[in-house]
Amino acid sequence: MKDSLMIGALGWFTYSLDQFFGGKNLVKNFLILSLAAYMMISVKVYIFLAYVPLLFLFILFEKLKAIKAVLLRVFLVLVVIVISIFSFLYAYSSFEKELGTYALENVTSSMEKLNTTLASMTAEQGAESNFNLGAQFEGTPQSLIKVAPFAIVASFFRPFIWEASKVSQLLSALESLALMLITLFLFVRLGPFRMVRFYLSDPMIFFCLTFALVFGVFIGATTVNFGTLVRYKIPCLPFYAIALALLYHKYNTRQYRKKSNNESASASLN
């Protein structure tokens, strides 16, 4: 029930904020925005804390799109990212006492305790649904960075087919396999450099993919059971899928324009 409410609140929050900044139905969208924010804070505040900073970055990048010079725009995006990271860390360290449970040190230590508790609980219930991340999370920010690649793989691409021991796990494994094949297809078709360029130049792709990956790191690093993993990763899957769809659409649009320009050039020569 909480996951359904969270997905709905995320969707309404994003839509109403976009409409609000677009100048449409300001009072109505402000009320929807406030209600959705209250619901997210009440249900799962950690999702709200991960979501809001990236959403403001998205709005800022939307404003930067007005700059026509591509190199200047990419440079400013990188500068904004670096400044935002340092500002975020400074704010967290400055207000550590006020943040209490949600301060960075406490969050990571709480995640480590949760990981240990889940491991002991699932060990008592049976190990068929447990999995090994491939790296040990020790409850520190440095450890979280170290396990990030393993956590992302776990969140989006596991359980693997051979890890499924139940029918429900098999369905989840097929979903993860489809997501992995689509990701690999885009990686091969676009290439790593073009994917990075699209990611940095398109605010919506940046927002959706960054939120999905950040959320996926936290879920993958703190979950030791496939049943829990499948349930907890639900909020980030739509954003990851949207990012993949936008990457493919952007690539197709570029290819179509290139083909049209070539045909026009050939016609003019003839």
# chains A, B, ... in the order shown; residues from 1 in each chain; ligands from 1
>>> residues_around(residues="A:Leu64", least_positions_apart="4", cutoff="12 Å", atoms="only C-alpha atoms", output="number ranges by chain")
A: 57-60, 68-80, 200-203
>>> residues_around(residues="A:Ser176", least_positions_apart="4", cutoff="7 Å", atoms="only C-alpha atoms", output="list in words")
Phe156, Phe157, Arg158, Pro159, Ser172 and Met180 of chain A
>>> write_last_selection(atoms="N, CA and C atoms", output="CSV table (one decimal), in the first residue's frame")
chain,number,residue,atom,x,y,z
A,156,PHE,N,18.6,-3.0,-10.5
A,156,PHE,CA,17.9,-2.9,-11.8
A,156,PHE,C,18.0,-4.2,-12.5
A,157,PHE,N,19.0,-5.1,-12.3
A,157,PHE,CA,19.2,-6.3,-13.1
A,157,PHE,C,19.1,-7.6,-12.4
A,158,ARG,N,18.8,-7.6,-11.1
A,158,ARG,CA,18.7,-8.8,-10.3
A,158,ARG,C,17.3,-8.9,-9.7
A,159,PRO,N,16.8,-10.1,-9.6
A,159,PRO,CA,17.4,-11.4,-9.6
A,159,PRO,C,17.7,-11.8,-11.1
A,172,SER,N,10.1,-11.6,-11.8
A,172,SER,CA,11.0,-10.5,-11.5
A,172,SER,C,12.3,-10.6,-12.3
A,180,MET,N,17.8,-5.2,-18.6
A,180,MET,CA,19.2,-5.3,-18.9
A,180,MET,C,19.5,-5.3,-20.4
>>> residues_around(residues="A:Ser168", least_positions_apart="3", cutoff="12 Å", atoms="only C-alpha atoms", output="PDB file with C-alpha atoms, in the first residue's frame")
ATOM      1  CA  SER A 129      15.512 -15.703  -1.359  1.00  0.00           C
ATOM      2  CA  PRO A 159      17.447 -11.402  -9.643  1.00  0.00           C
ATOM      3  CA  ILE A 161      17.350 -15.934 -14.275  1.00  0.00           C
ATOM      4  CA  GLU A 163      18.865 -17.014  -9.162  1.00  0.00           C
ATOM      5  CA  ALA A 164      15.083 -17.429  -9.338  1.00  0.00           C
ATOM      6  CA  SER A 165      13.819 -20.181  -7.031  1.00  0.00           C
ATOM      7  CA  LEU A 171       8.730 -13.072 -13.195  1.00  0.00           C
ATOM      8  CA  SER A 172      10.955 -10.493 -11.504  1.00  0.00           C
ATOM      9  CA  ALA A 173      14.008 -12.069 -13.160  1.00  0.00           C
ATOM     10  CA  LEU A 174      12.372 -11.797 -16.603  1.00  0.00           C
ATOM     11  CA  GLU A 175      11.581  -8.130 -15.912  1.00  0.00           C
ATOM     12  CA  PHE A 226      14.999 -10.644  -3.410  1.00  0.00           C
ATOM     13  CA  GLY A 227      11.441 -10.244  -2.156  1.00  0.00           C
ATOM     14  CA  VAL A 230      11.665  -6.186  -5.750  1.00  0.00           C
ATOM     15  CA  ARG A 231       9.291  -4.236  -3.518  1.00  0.00           C
TER      16      ARG A 231
END
>>> closest_residue(among="A:Cys236, A:Ile81, A:Leu177, A:Leu244", to="A:Phe211", atoms="only C-alpha atoms")
A:Cys236
>>> atom_distance(atom1="atom CA of A:Gly134", atom2="atom CA of A:Leu229")
15.2 Å
>>> select_by_dssp(residues="stretch 142-174 of chain A", states="helix (DSSP H, G or I)", output="JSON, numbers by chain")
{"A": [142, 143, 144, 145, 146, 147, 148, 149, 150, 151, 152, 153, 154, 155, 156, 157, 161, 162, 163, 167, 168, 169, 170, 171, 172, 173, 174]}
>>> closest_residue(among="A:Tyr248, A:Phe21, A:Phe218, A:Phe48", to="A:Ile7", atoms="only C-alpha atoms")
A:Phe48
>>> residues_around(residues="A:Met6", least_positions_apart="3", cutoff="12 Å", atoms="only C-alpha atoms", output="count of residues only")
28
